[in-house]
Amino acid sequence: MKLSARNQLTAKVAEVKRGAVNSEIIAKLGDGEEIRAMVTLESADALGLVAGKEAAFIFKAPNVIVAKGSDLKISVANQLKASVKEVKKGAVNSEVVTTIAGKYEAAAIITNESAEALGINKGDEVTLIVNPSDVIIGA
């Protein structure tokens, strides 16, 4: 199946934390980076999500917040360190294409104003912020 969501990071599940209603699914991407998704218990069971199973962590580029700088204190669990590979400026928005852990490509769509305010350029180190509830899992 093909999906319109640009960001599809395939990795092995490292841990499943089950709660009363939801499960937090954690995968290690390398270089100390992890991605987390929050899914219902029913979905986790239907997908057979257990440690060691390969899964795709999927999220749309407009759902990615880009931050620059190292003193970031926010409550969102997914704060992925990335290197800017390319910045494509459009009429209103810019597409920021990045590399995570040296092997995963992820894109963000941000306003041109935000890209200019952050001074984002090829080679810059940035943090991609993605709410775990915005991450869909395919397995």
# chains A, B, ... in the order shown; residues from 1 in each chain; ligands from 1
>>> select_by_dssp(residues="range 1-131 of chain A", states="alpha helix (DSSP H)", output="list in words")
Leu41, Glu42, Ser43, Ala44, Asp45, Ala46, Leu47, Asn112, Glu113, Ser114, Ala115, Glu116, Ala117 and Leu118 of chain A
>>> select_by_dssp(residues="range 11-93 of chain A", states="strand (DSSP E or B)", output="number ranges by chain")
A: 11-18, 22-30, 33-40, 54-59, 65-67, 78-89, 93
>>> residues_around(residues="Arg6 in chain A", least_positions_apart="5", cutoff="10 Å", atoms="only C-alpha atoms", output="VMD selection string")
chain A and resid 58 to 62 105 to 108
>>> write_last_selection(atoms="N, CA, C and O atoms", output="PDB file, in the first residue's frame")
ATOM      1  N   ILE A  58       4.713   6.390  11.089  1.00  0.00           N
ATOM      2  CA  ILE A  58       4.288   7.262   9.990  1.00  0.00           C
ATOM      3  C   ILE A  58       3.711   8.559  10.549  1.00  0.00           C
ATOM      4  O   ILE A  58       2.877   8.537  11.458  1.00  0.00           O
ATOM      5  N   PHE A  59       4.154   9.684   9.968  1.00  0.00           N
ATOM      6  CA  PHE A  59       3.605  10.978  10.363  1.00  0.00           C
ATOM      7  C   PHE A  59       3.738  11.953   9.206  1.00  0.00           C
ATOM      8  O   PHE A  59       4.657  11.875   8.410  1.00  0.00           O
ATOM      9  N   LYS A  60       2.785  12.855   9.122  1.00  0.00           N
ATOM     10  CA  LYS A  60       2.740  13.820   8.024  1.00  0.00           C
ATOM     11  C   LYS A  60       3.704  14.981   8.272  1.00  0.00           C
ATOM     12  O   LYS A  60       3.876  15.420   9.405  1.00  0.00           O
ATOM     13  N   ALA A  61       4.276  15.484   7.196  1.00  0.00           N
ATOM     14  CA  ALA A  61       5.234  16.593   7.286  1.00  0.00           C
ATOM     15  C   ALA A  61       4.652  17.845   7.942  1.00  0.00           C
ATOM     16  O   ALA A  61       5.355  18.512   8.707  1.00  0.00           O
ATOM     17  N   PRO A  62       3.375  18.203   7.715  1.00  0.00           N
ATOM     18  CA  PRO A  62       2.841  19.394   8.383  1.00  0.00           C
ATOM     19  C   PRO A  62       2.692  19.236   9.905  1.00  0.00           C
ATOM     20  O   PRO A  62       2.512  20.218  10.612  1.00  0.00           O
ATOM     21  N   GLU A 105      15.194   9.586   6.512  1.00  0.00           N
ATOM     22  CA  GLU A 105      14.836  10.898   5.991  1.00  0.00           C
ATOM     23  C   GLU A 105      13.471  11.289   6.546  1.00  0.00           C
ATOM     24  O   GLU A 105      12.554  10.478   6.582  1.00  0.00           O
ATOM     25  N   ALA A 106      13.365  12.530   6.992  1.00  0.00           N
ATOM     26  CA  ALA A 106      12.086  13.045   7.489  1.00  0.00           C
ATOM     27  C   ALA A 106      11.939  14.480   7.006  1.00  0.00           C
ATOM     28  O   ALA A 106      12.909  15.228   6.937  1.00  0.00           O
ATOM     29  N   ALA A 107      10.707  14.838   6.664  1.00  0.00           N
ATOM     30  CA  ALA A 107      10.427  16.177   6.150  1.00  0.00           C
ATOM     31  C   ALA A 107       9.456  16.900   7.061  1.00  0.00           C
ATOM     32  O   ALA A 107       8.625  16.290   7.728  1.00  0.00           O
ATOM     33  N   ALA A 108       9.583  18.221   7.062  1.00  0.00           N
ATOM     34  CA  ALA A 108       8.659  19.095   7.789  1.00  0.00           C
ATOM     35  C   ALA A 108       8.211  20.178   6.829  1.00  0.00           C
ATOM     36  O   ALA A 108       8.984  20.628   5.982  1.00  0.00           O
TER      37      ALA A 108
END
>>> residues_around(residues="Leu49 in chain A", least_positions_apart="6", cutoff="9 Å", atoms="only C-alpha atoms", output="ChimeraX atom specification")
/A:13,16,25,43,55,139
>>> residues_around(residues="Leu29 in chain A", least_positions_apart="2", cutoff="9 Å", atoms="only C-alpha atoms", output="MDAnalysis selection string")
chainID A and resid 9:12 27 31:35 100:101 103:104
>>> write_last_selection(atoms="N, CA and C atoms", output="tab-separated table (two decimals), in the first residue's frame")
chain	number	residue	atom	x	y	z
A	9	LEU	N	9.23	5.96	8.94
A	9	LEU	CA	10.48	5.46	9.51
A	9	LEU	C	10.27	4.01	9.95
A	10	THR	N	10.95	3.10	9.31
A	10	THR	CA	10.81	1.68	9.64
A	10	THR	C	11.91	1.28	10.61
A	11	ALA	N	11.49	0.72	11.74
A	11	ALA	CA	12.43	0.32	12.78
A	11	ALA	C	11.82	-0.80	13.60
A	12	LYS	N	12.66	-1.48	14.36
A	12	LYS	CA	12.18	-2.52	15.26
A	12	LYS	C	11.66	-1.91	16.55
A	27	ALA	N	10.52	2.81	19.46
A	27	ALA	CA	11.51	2.18	18.58
A	27	ALA	C	12.80	2.98	18.64
A	31	ASP	N	21.90	6.19	17.04
A	31	ASP	CA	22.52	7.42	17.56
A	31	ASP	C	21.77	7.97	18.77
A	32	GLY	N	21.14	7.08	19.55
A	32	GLY	CA	20.43	7.50	20.75
A	32	GLY	C	19.03	8.04	20.51
A	33	GLU	N	18.62	8.09	19.25
A	33	GLU	CA	17.30	8.63	18.91
A	33	GLU	C	16.24	7.55	19.02
A	34	GLU	N	15.09	7.93	19.57
A	34	GLU	CA	13.94	7.05	19.68
A	34	GLU	C	12.73	7.76	19.09
A	35	ILE	N	11.81	6.96	18.56
A	35	ILE	CA	10.52	7.52	18.16
A	35	ILE	C	9.44	6.78	18.93
A	100	ILE	N	17.85	11.77	10.02
A	100	ILE	CA	17.88	11.40	11.43
A	100	ILE	C	18.78	10.17	11.57
A	101	ALA	N	19.67	10.19	12.54
A	101	ALA	CA	20.54	9.05	12.85
A	101	ALA	C	21.31	8.56	11.62
A	103	LYS	N	20.43	7.85	8.70
A	103	LYS	CA	19.83	6.96	7.71
A	103	LYS	C	18.35	7.17	7.44
A	104	TYR	N	17.65	7.87	8.30
A	104	TYR	CA	16.22	8.08	8.11
A	104	TYR	C	15.98	9.49	7.57
>>> atom_distance(atom1="CA of Asn121 in chain A", atom2="CA of Ser70 in chain A")
16.5 Å
>>> residues_around(residues="Val66 in chain A", least_positions_apart="5", cutoff="12 Å", atoms="only C-alpha atoms", output="MDAnalysis selection string")
chainID A and resid 61 72 78:84 94:98 106:111 114:115 117:120 124:130
>>> write_last_selection(atoms="C-alpha atoms", output="CSV table (one decimal), in the first residue's frame")
chain,number,residue,atom,x,y,z
A,61,ALA,CA,5.2,16.6,7.3
A,72,LEU,CA,14.8,23.0,24.3
A,78,ASN,CA,9.5,12.9,20.2
A,79,GLN,CA,12.4,15.4,19.9
A,80,LEU,CA,14.5,13.9,17.1
A,81,LYS,CA,17.9,15.4,16.4
A,82,ALA,CA,18.4,15.8,12.7
A,83,SER,CA,20.6,17.3,10.1
A,84,VAL,CA,19.1,19.5,7.4
A,94,SER,CA,9.1,25.7,3.0
A,95,GLU,CA,9.8,22.0,3.0
A,96,VAL,CA,12.7,21.1,5.3
A,97,VAL,CA,14.2,17.7,4.4
A,98,THR,CA,16.3,16.2,7.2
A,106,ALA,CA,12.1,13.0,7.5
A,107,ALA,CA,10.4,16.2,6.2
A,108,ALA,CA,8.7,19.1,7.8
A,109,ILE,CA,6.4,21.7,6.2
A,110,ILE,CA,6.8,25.1,7.9
A,111,THR,CA,6.0,28.6,6.9
A,114,SER,CA,9.4,30.4,10.3
A,115,ALA,CA,12.2,29.1,8.1
A,117,ALA,CA,13.2,33.4,11.5
A,118,LEU,CA,15.1,30.2,12.4
A,119,GLY,CA,17.7,30.8,9.7
A,120,ILE,CA,17.5,27.1,8.5
A,124,ASP,CA,22.2,22.8,10.2
A,125,GLU,CA,21.4,20.7,13.2
A,126,VAL,CA,17.7,20.9,14.1
A,127,THR,CA,15.2,19.1,16.4
A,128,LEU,CA,12.1,17.7,14.9
A,129,ILE,CA,9.2,17.7,17.3
A,130,VAL,CA,6.4,15.2,16.7
>>> residues_around(residues="Glu15 in chain A", least_positions_apart="5", cutoff="10 Å", atoms="only C-alpha atoms", output="list in words")
Ser23, Glu24, Ile25, Ile26, Ala27, Lys28, Arg36, Leu49, Val50, Ala51, Gly52 and Lys53 of chain A
>>> atom_distance(atom1="CA of Thr40 in chain A", atom2="CA of Ile74 in chain A")
23.9 Å
>>> closest_residue(among="A:Ala37, A:Gly30, A:Lys73, A:Ile65", to="Lys17 in chain A", atoms="only C-alpha atoms")
A:Ala37
>>> atom_distance(atom1="CA of Asn131 in chain A", atom2="CA of Asn63 in chain A")
8.1 Å
